[in-house]
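S.K.: Following this line is entry_13.txt, made up of compact mmCIF, C-alpha atoms and all ligand atoms:
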# COMPACT_ATOMS: atom_id res chain seq x y z
CA MET A 207 96.62 82.26 86.42
CA ASN A 208 97.90 83.44 89.85
CA MET A 209 101.31 84.21 88.42
CA ILE A 210 104.23 84.54 90.85
CA ASP A 211 107.13 86.87 90.03
CA MET A 212 110.19 86.22 92.20
CA HIS A 213 111.95 89.57 91.67
CA CYS A 214 111.35 93.25 90.97
CA ASP A 215 113.03 96.48 92.14
CA THR A 216 109.87 98.61 92.22
CA ILE A 217 110.08 99.63 95.91
CA TYR A 218 113.61 100.99 95.37
CA GLU A 219 112.35 103.06 92.40
CA ILE A 220 109.41 104.41 94.43
CA LEU A 221 111.74 105.49 97.27
CA GLU A 222 114.27 107.05 94.87
CA ALA A 223 111.46 109.03 93.21
CA LYS A 224 110.24 110.19 96.63
CA LYS A 225 113.74 111.45 97.45
CA ARG A 226 113.57 113.54 94.25
CA GLY A 227 110.22 114.94 95.37
CA GLU A 228 108.21 112.88 92.91
CA ILE A 229 105.31 110.69 94.02
CA ILE A 230 104.83 107.40 92.15
CA SER A 231 101.89 105.22 93.10
CA LEU A 232 102.12 101.45 93.23
CA ARG A 233 98.47 101.40 92.15
CA ASP A 234 98.76 102.98 88.71
CA GLY A 235 102.14 104.74 88.51
CA ARG A 236 104.45 104.89 85.49
CA LEU A 237 106.84 102.13 86.66
CA MET A 238 106.99 98.71 84.95
CA VAL A 239 105.11 97.13 87.88
CA ASN A 240 101.86 98.53 89.17
CA LEU A 241 98.79 96.93 90.71
CA ASN A 242 96.51 97.65 87.75
CA LYS A 243 98.88 95.91 85.34
CA MET A 244 99.35 93.03 87.79
CA LYS A 245 95.60 92.51 87.96
CA GLN A 246 95.32 92.60 84.16
CA GLY A 247 98.18 90.08 83.94
CA GLY A 248 96.55 87.56 86.26
CA TYR A 249 99.13 87.94 89.05
CA GLY A 250 98.84 86.18 92.37
CA VAL A 251 102.12 87.22 94.00
CA GLN A 252 104.86 89.78 93.51
CA ASN A 253 108.13 89.46 95.41
CA PHE A 254 109.20 93.02 96.22
CA ALA A 255 112.96 93.24 96.70
CA LEU A 256 114.45 95.82 99.02
CA PHE A 257 117.43 96.66 96.83
CA VAL A 258 120.32 97.94 98.90
CA LYS A 259 122.60 99.97 96.66
CA GLN A 260 125.86 100.70 98.45
CA ASP A 261 126.26 104.34 99.30
CA GLU A 262 128.90 105.74 101.65
CA ARG A 263 126.52 108.28 103.15
CA SER A 264 124.22 105.86 104.96
CA SER A 265 124.40 102.44 106.54
CA ALA A 266 122.94 99.55 104.54
CA PHE A 267 120.77 98.55 107.50
CA GLU A 268 119.30 102.08 107.76
CA THR A 269 118.64 102.05 104.00
CA VAL A 270 116.79 98.76 104.27
CA LYS A 271 114.64 100.15 107.10
CA GLU A 272 113.71 103.12 104.87
CA LEU A 273 112.79 100.70 102.08
CA ILE A 274 110.64 98.65 104.48
CA ALA A 275 108.82 101.84 105.53
CA THR A 276 108.16 102.65 101.84
CA PHE A 277 106.85 99.12 101.26
CA GLN A 278 104.57 99.33 104.30
CA GLU A 279 103.20 102.73 103.21
CA GLU A 280 102.29 101.20 99.83
CA MET A 281 100.64 98.21 101.50
CA ARG A 282 98.54 100.55 103.69
CA ALA A 283 97.58 102.84 100.80
CA ASN A 284 96.50 99.89 98.62
CA SER A 285 95.10 97.48 101.20
CA ASP A 286 91.95 96.96 99.11
CA LEU A 287 94.07 95.35 96.34
CA ILE A 288 97.16 93.80 97.95
CA SER A 289 98.59 92.71 101.30
CA GLN A 290 101.87 91.36 102.61
CA VAL A 291 102.16 87.58 103.10
CA THR A 292 104.76 85.34 104.70
CA THR A 293 103.40 81.84 103.94
CA ALA A 294 101.78 79.87 101.11
CA ASP A 295 98.52 79.65 103.08
CA GLU A 296 98.31 83.44 103.32
CA ILE A 297 98.65 83.61 99.52
CA LEU A 298 95.65 81.28 99.20
CA GLU A 299 93.66 83.38 101.70
CA ASN A 300 94.36 86.51 99.64
CA GLN A 301 93.35 84.68 96.46
CA ARG A 302 90.02 83.71 98.01
CA ALA A 303 89.51 87.37 98.98
CA GLY A 304 90.36 88.45 95.41
CA LYS A 305 93.54 90.18 96.54
CA LEU A 306 97.13 90.20 95.31
CA SER A 307 99.94 89.09 97.63
CA ALA A 308 103.27 90.80 98.31
CA PHE A 309 106.35 88.96 99.53
CA LEU A 310 109.12 91.02 101.04
CA THR A 311 112.67 90.10 99.98
CA ILE A 312 116.13 91.70 100.16
CA GLU A 313 118.60 92.11 97.32
CA GLY A 314 122.06 92.59 98.84
CA GLY A 315 123.11 90.81 102.05
CA GLU A 316 125.08 93.89 103.18
CA ALA A 317 121.72 94.89 104.70
CA LEU A 318 122.71 92.70 107.66
CA GLU A 319 126.06 94.47 108.15
CA GLY A 320 127.37 91.01 109.07
CA SER A 321 124.97 90.59 112.00
CA VAL A 322 122.75 87.55 112.52
CA ASP A 323 120.66 89.64 114.98
CA LYS A 324 119.84 92.02 112.13
CA LEU A 325 118.86 89.01 110.01
CA ARG A 326 116.39 88.01 112.77
CA TYR A 327 115.06 91.58 112.93
CA LEU A 328 114.43 91.53 109.18
CA TYR A 329 112.70 88.15 109.47
CA GLU A 330 110.39 89.71 112.09
CA GLN A 331 109.58 92.46 109.57
CA GLY A 332 108.34 89.73 107.23
CA VAL A 333 111.39 89.37 104.97
CA ARG A 334 111.28 85.79 103.63
CA MET A 335 113.99 85.70 100.98
CA MET A 336 117.43 87.27 100.59
CA THR A 337 119.73 87.59 97.56
CA LEU A 338 123.09 87.13 99.30
CA THR A 339 125.05 89.65 97.21
CA TRP A 340 124.53 92.23 94.51
CA ASN A 341 127.42 93.15 92.20
CA TYR A 342 130.08 93.84 94.83
CA PRO A 343 131.55 91.86 97.74
CA ASN A 344 129.92 92.13 101.17
CA GLU A 345 130.26 90.49 104.61
CA ILE A 346 128.56 87.32 103.30
CA GLY A 347 130.31 86.64 100.03
CA PHE A 348 131.34 87.72 96.55
CA PRO A 349 129.52 88.53 93.29
CA ASN A 350 130.24 86.75 90.04
CA PHE A 351 131.93 89.81 88.51
CA LYS A 352 135.58 89.60 89.50
CA GLN A 353 137.51 92.86 89.36
CA GLY A 354 139.25 93.28 86.03
CA LEU A 355 137.53 90.33 84.41
CA ASP A 356 134.82 90.40 81.76
CA PHE A 357 131.13 89.52 82.02
CA TYR A 358 131.81 86.01 80.76
CA THR A 359 134.40 84.76 83.27
CA PRO A 360 132.85 83.37 86.46
CA ASN A 361 134.45 83.79 89.89
CA LEU A 362 135.44 80.25 90.86
CA GLU A 363 137.63 81.21 93.83
CA ASP A 364 135.82 83.52 96.25
CA GLY A 365 132.88 81.79 97.93
CA LEU A 366 130.98 82.43 101.17
CA THR A 367 132.83 83.96 104.12
CA GLU A 368 132.60 82.45 107.64
CA THR A 369 129.88 85.03 108.33
CA GLY A 370 128.17 84.00 105.10
CA ILE A 371 128.11 80.35 106.16
CA ASN A 372 126.52 81.34 109.51
CA VAL A 373 123.99 83.53 107.71
CA VAL A 374 122.79 80.86 105.26
CA GLN A 375 122.49 78.30 108.05
CA GLU A 376 120.52 80.76 110.19
CA MET A 377 118.28 81.58 107.19
CA GLU A 378 117.40 77.87 106.91
CA LYS A 379 116.61 77.68 110.63
CA LEU A 380 114.37 80.75 110.46
CA GLY A 381 112.59 79.61 107.30
CA MET A 382 113.98 82.19 104.88
CA ILE A 383 114.72 81.43 101.22
CA ILE A 384 118.38 81.70 100.13
CA ASP A 385 118.80 83.41 96.76
CA VAL A 386 122.02 82.85 94.77
CA SER A 387 121.38 85.25 91.86
CA HIS A 388 124.43 87.57 91.52
CA LEU A 389 126.52 85.27 93.75
CA SER A 390 129.91 83.94 92.55
CA ASP A 391 130.05 80.39 91.21
CA ALA A 392 132.25 79.51 94.22
CA GLY A 393 129.54 80.93 96.52
CA PHE A 394 126.87 78.84 94.76
CA TYR A 395 128.81 75.66 95.53
CA ASP A 396 129.30 76.79 99.14
CA VAL A 397 125.52 77.27 99.51
CA LEU A 398 125.11 73.74 98.15
CA LYS A 399 127.70 72.44 100.62
CA TYR A 400 126.53 74.21 103.78
CA THR A 401 122.72 74.04 103.42
CA LYS A 402 120.08 71.33 103.07
CA LYS A 403 116.84 72.96 101.90
CA PRO A 404 115.83 74.02 98.39
CA PHE A 405 117.13 77.47 97.40
CA VAL A 406 116.54 79.78 94.45
CA ALA A 407 118.24 81.85 91.79
CA SER A 408 115.40 84.37 91.78
CA HIS A 409 116.37 86.23 88.59
CA SER A 410 118.97 84.37 86.46
CA ASN A 411 118.96 82.51 83.14
CA ALA A 412 120.92 79.68 81.48
CA ARG A 413 124.60 80.38 80.72
CA ALA A 414 124.59 77.78 77.93
CA VAL A 415 122.07 79.92 76.03
CA SER A 416 123.51 83.34 76.95
CA PRO A 417 127.02 83.18 78.45
CA TRP A 418 126.77 86.06 80.96
CA VAL A 419 128.08 85.10 84.41
CA ARG A 420 124.78 86.36 85.88
CA ASN A 421 123.32 83.19 84.35
CA LEU A 422 123.73 79.65 85.72
CA SER A 423 125.95 76.94 84.22
CA ASP A 424 124.34 73.62 83.31
CA ASP A 425 125.97 71.96 86.32
CA MET A 426 124.49 74.61 88.64
CA ILE A 427 121.02 74.23 87.08
CA VAL A 428 121.14 70.44 87.53
CA LYS A 429 122.32 70.70 91.16
CA LEU A 430 119.84 73.42 92.11
CA ALA A 431 117.04 71.38 90.49
CA LYS A 432 118.06 68.19 92.34
CA ARG A 433 117.80 70.16 95.60
CA GLY A 434 114.23 71.17 94.67
CA GLY A 435 115.10 74.82 93.99
CA VAL A 436 113.62 77.20 91.43
CA ILE A 437 115.25 79.56 88.89
CA GLY A 438 113.34 82.73 87.98
CA ILE A 439 113.68 83.58 84.28
CA ASN A 440 115.08 87.13 84.07
CA PHE A 441 113.71 89.40 81.29
CA CYS A 442 116.90 91.49 80.99
CA ALA A 443 117.83 91.57 77.27
CA ASP A 444 121.53 90.99 78.00
CA PHE A 445 120.90 87.90 80.11
CA LEU A 446 118.38 86.58 77.58
CA LYS A 447 120.27 87.24 74.35
CA GLY A 448 123.92 87.94 75.12
CA GLN A 449 126.21 86.19 72.67
CA ARG A 450 123.98 83.25 72.15
CA LYS A 451 125.74 79.98 71.41
CA SER A 452 124.00 78.90 68.24
CA GLU A 453 124.82 75.21 68.65
CA ILE A 454 122.74 75.10 71.85
CA ILE A 455 119.80 76.78 70.14
CA GLU A 456 120.04 74.27 67.29
CA THR A 457 120.17 71.38 69.75
CA ILE A 458 116.93 72.44 71.36
CA GLY A 459 115.35 72.79 67.93
CA LEU A 460 114.12 76.36 68.14
CA MET A 461 116.00 77.88 65.20
CA ALA A 462 112.98 77.95 62.90
CA SER A 463 110.55 79.69 65.24
CA LYS A 464 112.38 83.03 65.58
CA ASP A 465 109.77 85.67 64.83
CA SER A 466 108.69 89.17 65.83
CA SER A 467 108.01 88.06 69.44
CA ALA A 468 111.72 88.46 70.17
CA GLY A 469 111.36 88.72 73.96
CA PHE A 470 109.05 85.73 74.18
CA TYR A 471 111.25 83.68 71.87
CA ASP A 472 114.36 84.29 73.99
CA ILE A 473 112.46 83.39 77.16
CA LEU A 474 111.36 80.20 75.41
CA CYS A 475 114.99 79.29 74.57
CA HIS A 476 116.08 79.53 78.22
CA THR A 477 112.96 77.81 79.50
CA ARG A 478 113.35 74.92 77.06
CA HIS A 479 117.05 74.48 77.88
CA MET A 480 116.42 74.51 81.65
CA ALA A 481 113.55 72.03 81.24
CA ASN A 482 115.78 69.73 79.18
CA ILE A 483 118.59 69.60 81.70
CA GLY A 484 116.95 70.31 85.09
CA GLY A 485 113.30 69.40 84.50
CA VAL A 486 110.35 71.78 84.31
CA GLU A 487 110.01 71.76 88.13
CA CYS A 488 113.06 74.03 88.50
CA ILE A 489 111.66 76.93 86.43
CA GLY A 490 109.84 80.06 87.58
CA ILE A 491 109.63 83.74 86.64
CA GLY A 492 111.93 86.45 88.07
CA SER A 493 111.24 89.38 85.74
CA ASP A 494 113.61 91.96 87.31
CA PHE A 495 111.04 94.64 86.34
CA ASP A 496 112.09 98.15 87.41
CA GLY A 497 115.66 96.89 87.77
CA ILE A 498 116.40 96.52 84.04
CA PRO A 499 116.05 98.75 80.97
CA GLY A 500 112.99 98.24 78.77
CA TYR A 501 113.27 97.14 75.12
CA GLU A 502 111.05 96.34 72.19
CA GLY A 503 109.34 92.98 72.63
CA MET A 504 109.88 92.94 76.39
CA PRO A 505 107.09 91.26 78.33
CA THR A 506 105.20 93.48 80.78
CA PRO A 507 103.09 92.44 83.79
CA ASP A 508 99.89 92.73 81.73
CA THR A 509 101.25 90.49 78.93
CA MET A 510 102.03 87.51 81.20
CA PRO A 511 98.94 85.60 79.95
CA GLN A 512 100.28 85.98 76.38
CA LEU A 513 103.65 84.63 77.53
CA ALA A 514 101.90 81.62 79.10
CA GLU A 515 99.98 81.04 75.87
CA TYR A 516 103.19 81.36 73.83
CA LEU A 517 104.91 78.69 75.93
CA CYS A 518 101.85 76.43 75.49
CA LYS A 519 101.99 76.87 71.71
CA ASN A 520 105.70 76.08 71.64
CA GLY A 521 106.01 72.67 73.21
CA PHE A 522 105.03 73.07 76.86
CA HIS A 523 101.93 71.36 78.19
CA GLU A 524 99.43 73.59 79.97
CA SER A 525 100.17 71.86 83.27
CA GLU A 526 103.90 72.58 82.78
CA VAL A 527 103.20 76.26 82.11
CA ASP A 528 101.14 76.35 85.34
CA LEU A 529 104.19 75.01 87.19
CA ILE A 530 106.44 77.68 85.63
CA MET A 531 103.98 80.52 86.30
CA HIS A 532 103.27 79.63 89.93
CA GLY A 533 103.24 75.94 90.92
CA ASN A 534 106.97 75.47 91.41
CA VAL A 535 107.38 78.56 93.59
CA MET A 536 104.29 77.65 95.66
CA ARG A 537 105.85 74.22 96.32
CA LEU A 538 109.12 75.90 97.36
CA TYR A 539 107.27 78.33 99.68
CA ARG A 540 105.57 75.35 101.36
CA GLU A 541 108.88 73.52 101.79
CA VAL A 542 111.00 76.39 103.06
CA LEU A 543 108.75 78.91 104.79
CA GLY A 544 106.84 76.43 106.93
ZN ZN A 601 119.49 91.81 90.56
For the file at hand, write its structure as structure tokens.
Ligand SMILES: [Zn+2]

M.R.:
Amino acid sequence: MNMIDMHCDTIYEILEAKKRGEIISLRDGRLMVNLNKMKQGGYGVQNFALFVKQDERSSAFETVKELIATFQEEMRANSDLISQVTTADEILENQRAGKLSAFLTIEGGEALEGSVDKLRYLYEQGVRMMTLTWNYPNEIGFPNFKQGLDFYTPNLEDGLTETGINVVQEMEKLGMIIDVSHLSDAGFYDVLKYTKKPFVASHSNARAVSPWVRNLSDDMIVKLAKRGGVIGINFCADFLKGQRKSEIIETIGLMASKDSSAGFYDILCHTRHMANIGGVECIGIGSDFDGIPGYEGMPTPDTMPQLAEYLCKNGFHESEVDLIMHGNVMRLYREVLG
């Protein structure tokens, strides 16, 4: 199947455990993502995010360097099963050698501390995608949670800063993928305005199905799709279920099929809605494993083939499911990474 997952926080969890004196192995540890489960689930690629959680005690850039060191240790310790890649061709090479591929990404543009030189340094370390913000403002821009507002009111005012505009333009020049998950709505439209290449929302769903501001509005889905971008379906229960707007669910004709596969069913609702308005070419997977709480019915890396089969049984053609599981992201890698 060669499944591609655009987002997980596993490296952050491994480093945090190490700080507590606990060793967790990427090979077969107790986290949501491990190499054994990925192999069982028919994975080709995992994007490993370096999640920079703001902390007054250390600089964000130093934290990201620590996370890179953790990632590299894991790559060395498991080089028989997985290796880091930076292009689509390297993914294919690994596939031929029977190996998994790891893409290095950053979640939280504060890692750059506002410096384009630091962005270039991170590119040299193999970072090929960056989520511009997490849930607080940084030198680049603003999240979609505005102080004092609820989870359902998007931030339409605060977009990219001057630094942010420079950063996204430099990312395009370098061949790095811009990720708008977590970014304010205003920031999304700035990315659209100041860039030319396809970009992603690596782990976000459809706001029309679940109204959280972490999800994308229909207009954003249509515009991102027109640009050739990809949206990674996030498995977080809140972003999948939220306060679902029943009229949308009825429109897409899925009311009758609600069954015990609650997680799969919710993923199907978002996937169907995105396909209806943006086309199947804009959909990928961005699980957010190890960054979200588990729940009953949640897919796991080893149940990805069942998810693919479920989508096939519920209105998607096999070739469309192939696009969702890996084809769309491979196309994007070819277009943006060079
Ligand atoms: Zn996130």

S.K.: Report, in Å to a single decimal, how far apart atom CA of A:Asn284 and atom CA of A:Ile229 are.

M.R.: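 We find that atom CA of A:Ile229 and atom CA of A:Asn284 lie 14.7 Å from each other.
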
S.K.: Please write as a PDB file with C-alpha atoms, keeping the file's coordinate frame the list of polymer residues whose atoms come within 12 Å of (103.3, 98.5, 92.2), counting only C-alpha atoms and keeping to the coordinates of the file.

M.R.:
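Produced file point_12.pdb, reproduced below:
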ATOM      1  CA  CYS A 214     111.350  93.250  90.970  1.00  0.00           C
ATOM      2  CA  ASP A 215     113.030  96.480  92.140  1.00  0.00           C
ATOM      3  CA  THR A 216     109.870  98.610  92.220  1.00  0.00           C
ATOM      4  CA  ILE A 217     110.080  99.630  95.910  1.00  0.00           C
ATOM      5  CA  TYR A 218     113.610 100.990  95.370  1.00  0.00           C
ATOM      6  CA  GLU A 219     112.350 103.060  92.400  1.00  0.00           C
ATOM      7  CA  ILE A 220     109.410 104.410  94.430  1.00  0.00           C
ATOM      8  CA  ILE A 230     104.830 107.400  92.150  1.00  0.00           C
ATOM      9  CA  SER A 231     101.890 105.220  93.100  1.00  0.00           C
ATOM     10  CA  LEU A 232     102.120 101.450  93.230  1.00  0.00           C
ATOM     11  CA  ARG A 233      98.470 101.400  92.150  1.00  0.00           C
ATOM     12  CA  ASP A 234      98.760 102.980  88.710  1.00  0.00           C
ATOM     13  CA  GLY A 235     102.140 104.740  88.510  1.00  0.00           C
ATOM     14  CA  ARG A 236     104.450 104.890  85.490  1.00  0.00           C
ATOM     15  CA  LEU A 237     106.840 102.130  86.660  1.00  0.00           C
ATOM     16  CA  MET A 238     106.990  98.710  84.950  1.00  0.00           C
ATOM     17  CA  VAL A 239     105.110  97.130  87.880  1.00  0.00           C
ATOM     18  CA  ASN A 240     101.860  98.530  89.170  1.00  0.00           C
ATOM     19  CA  LEU A 241      98.790  96.930  90.710  1.00  0.00           C
ATOM     20  CA  ASN A 242      96.510  97.650  87.750  1.00  0.00           C
ATOM     21  CA  LYS A 243      98.880  95.910  85.340  1.00  0.00           C
ATOM     22  CA  MET A 244      99.350  93.030  87.790  1.00  0.00           C
ATOM     23  CA  LYS A 245      95.600  92.510  87.960  1.00  0.00           C
ATOM     24  CA  TYR A 249      99.130  87.940  89.050  1.00  0.00           C
ATOM     25  CA  VAL A 251     102.120  87.220  94.000  1.00  0.00           C
ATOM     26  CA  GLN A 252     104.860  89.780  93.510  1.00  0.00           C
ATOM     27  CA  ASN A 253     108.130  89.460  95.410  1.00  0.00           C
ATOM     28  CA  PHE A 254     109.200  93.020  96.220  1.00  0.00           C
ATOM     29  CA  ALA A 255     112.960  93.240  96.700  1.00  0.00           C
ATOM     30  CA  THR A 276     108.160 102.650 101.840  1.00  0.00           C
ATOM     31  CA  PHE A 277     106.850  99.120 101.260  1.00  0.00           C
ATOM     32  CA  GLU A 279     103.200 102.730 103.210  1.00  0.00           C
ATOM     33  CA  GLU A 280     102.290 101.200  99.830  1.00  0.00           C
ATOM     34  CA  MET A 281     100.640  98.210 101.500  1.00  0.00           C
ATOM     35  CA  ALA A 283      97.580 102.840 100.800  1.00  0.00           C
ATOM     36  CA  ASN A 284      96.500  99.890  98.620  1.00  0.00           C
ATOM     37  CA  LEU A 287      94.070  95.350  96.340  1.00  0.00           C
ATOM     38  CA  ILE A 288      97.160  93.800  97.950  1.00  0.00           C
ATOM     39  CA  SER A 289      98.590  92.710 101.300  1.00  0.00           C
ATOM     40  CA  LEU A 306      97.130  90.200  95.310  1.00  0.00           C
ATOM     41  CA  SER A 307      99.940  89.090  97.630  1.00  0.00           C
ATOM     42  CA  ALA A 308     103.270  90.800  98.310  1.00  0.00           C
ATOM     43  CA  PHE A 495     111.040  94.640  86.340  1.00  0.00           C
ATOM     44  CA  ASP A 496     112.090  98.150  87.410  1.00  0.00           C
ATOM     45  CA  PRO A 507     103.090  92.440  83.790  1.00  0.00           C
TER      46      PRO A 507
END

S.K.: Check every protein, DNA and RNA residue against ligand ZN 601 (chain A), keep those with an atom at most 7 Å away (counting only C-alpha atoms and all ligand atoms), and present them as a PyMOL selection string.

M.R.: chain A and resi 313+340+387-388+409+494+497

S.K.: Starting from the point (120.3, 72.6, 86.5), work out which residues of protein, DNA or RNA have an atom no more than 9 Å away when counting only C-alpha atoms; state them as a list of chain:residue names.

M.R.: A:Ala412, A:Leu422, A:Ser423, A:Asp424, A:Asp425, A:Met426, A:Ile427, A:Val428, A:Lys429, A:Leu430, A:Ala431, A:Lys432, A:Ile437, A:Met480, A:Ala481, A:Ile483, A:Gly484, A:Gly485, A:Cys488

S.K.: With C-alpha atoms retained, could you export that selection as a PDB file, in the coordinates of the input?

M.R.:
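Result file again01.pdb:
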ATOM      1  CA  ALA A 412     120.920  79.680  81.480  1.00  0.00           C
ATOM      2  CA  LEU A 422     123.730  79.650  85.720  1.00  0.00           C
ATOM      3  CA  SER A 423     125.950  76.940  84.220  1.00  0.00           C
ATOM      4  CA  ASP A 424     124.340  73.620  83.310  1.00  0.00           C
ATOM      5  CA  ASP A 425     125.970  71.960  86.320  1.00  0.00           C
ATOM      6  CA  MET A 426     124.490  74.610  88.640  1.00  0.00           C
ATOM      7  CA  ILE A 427     121.020  74.230  87.080  1.00  0.00           C
ATOM      8  CA  VAL A 428     121.140  70.440  87.530  1.00  0.00           C
ATOM      9  CA  LYS A 429     122.320  70.700  91.160  1.00  0.00           C
ATOM     10  CA  LEU A 430     119.840  73.420  92.110  1.00  0.00           C
ATOM     11  CA  ALA A 431     117.040  71.380  90.490  1.00  0.00           C
ATOM     12  CA  LYS A 432     118.060  68.190  92.340  1.00  0.00           C
ATOM     13  CA  ILE A 437     115.250  79.560  88.890  1.00  0.00           C
ATOM     14  CA  MET A 480     116.420  74.510  81.650  1.00  0.00           C
ATOM     15  CA  ALA A 481     113.550  72.030  81.240  1.00  0.00           C
ATOM     16  CA  ILE A 483     118.590  69.600  81.700  1.00  0.00           C
ATOM     17  CA  GLY A 484     116.950  70.310  85.090  1.00  0.00           C
ATOM     18  CA  GLY A 485     113.300  69.400  84.500  1.00  0.00           C
ATOM     19  CA  CYS A 488     113.060  74.030  88.500  1.00  0.00           C
TER      20      CYS A 488
END

S.K.: Between atom CA of A:Asn372 and atom CA of A:Thr359, what is the distance in Å, rounded to a tenth?

M.R.: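 Distance reported for this atom pair: 27.6 Å.
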
S.K.: Using the file's own x, y and z axes, so that the box edges lie along x, y and z, what centre and edge lengths in Å (one decimal) does a box around every listed atom of stretch 422-438 of chain A get when 8 Å is added on each side? Give it as lines of an AutoDock Vina configuration file.

M.R.:
center_x = 119.7
center_y = 75.5
center_z = 89.5
size_x = 28.6
size_y = 30.5
size_z = 28.3

S.K.: Looking at A:Glu316, A:Asp356, A:Asp364, A:Glu526, which one is nearest to A:Thr339, with distances taken over only C-alpha atoms?

M.R.: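 When distances to A:Thr339 are compared using only C-alpha atoms, the smallest one comes from A:Glu316.
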
S.K.: Find, counting all atoms listed in the file, the residue in A:Leu513, A:Ala407, A:Val333, A:Cys518 that gets nearest to A:Thr292.

M.R.: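 Among the listed residues, A:Val333 lies closest to A:Thr292.
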
S.K.: Under the rule that only C-alpha atoms are counted, which of A:Gly469, A:Gly304, A:Pro343, A:Gly533 is the nearest residue to A:Met504?

M.R.: A:Gly469

S.K.: Between A:Ser390, A:Ser408, A:Thr337, A:Asn344, which residue has the minimum interatomic distance to A:Thr369, considering all atoms listed in the file?

M.R.: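 Of A:Ser390, A:Ser408, A:Thr337, A:Asn344, the one nearest A:Thr369 is A:Asn344, counting all atoms listed in the file.
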
S.K.: How far is it from atom CA of A:Tyr400 to atom CA of A:Lys324, in Å with one decimal?

M.R.: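 Rounded to one decimal, the two atoms are 20.8 Å apart.
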
S.K.: Could you tell me which of A:Cys475, A:Leu298, A:Leu310, A:Val486 comes closest to A:Glu330 if we count all atoms listed in the file?

M.R.: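 For A:Glu330, the nearest of the candidates is A:Leu310.
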
S.K.: Near A:Leu366, counting all atoms listed in the file, which residues have an atom at most 9 Å away, once you skip same-chain residues fewer than 4 positions from it, shown as a PyMOL selection string?

M.R.: chain A and resi 345-348+370-371+390+392-394+396-397

S.K.: Between A:Gly320, A:Pro404, A:Gly315, A:Gly435, which is the closest to A:Lys259 once you count all atoms listed in the file?

M.R.: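 Once distances to A:Lys259 are computed over all atoms listed in the file, the minimum belongs to A:Gly315.
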
S.K.: Could you list, as a list of chain:residue names, every residue within 10 Å of A:Thr311, counting only C-alpha atoms and ignoring same-chain residues fewer than 5 positions away?

M.R.: A:Met212, A:His213, A:Cys214, A:Asn253, A:Phe254, A:Ala255, A:Leu256, A:Phe257, A:Ile274, A:Leu328, A:Tyr329, A:Gly332, A:Val333, A:Arg334, A:Met335, A:Met336, A:Thr337, A:Met382, A:Ile383, A:Asp385
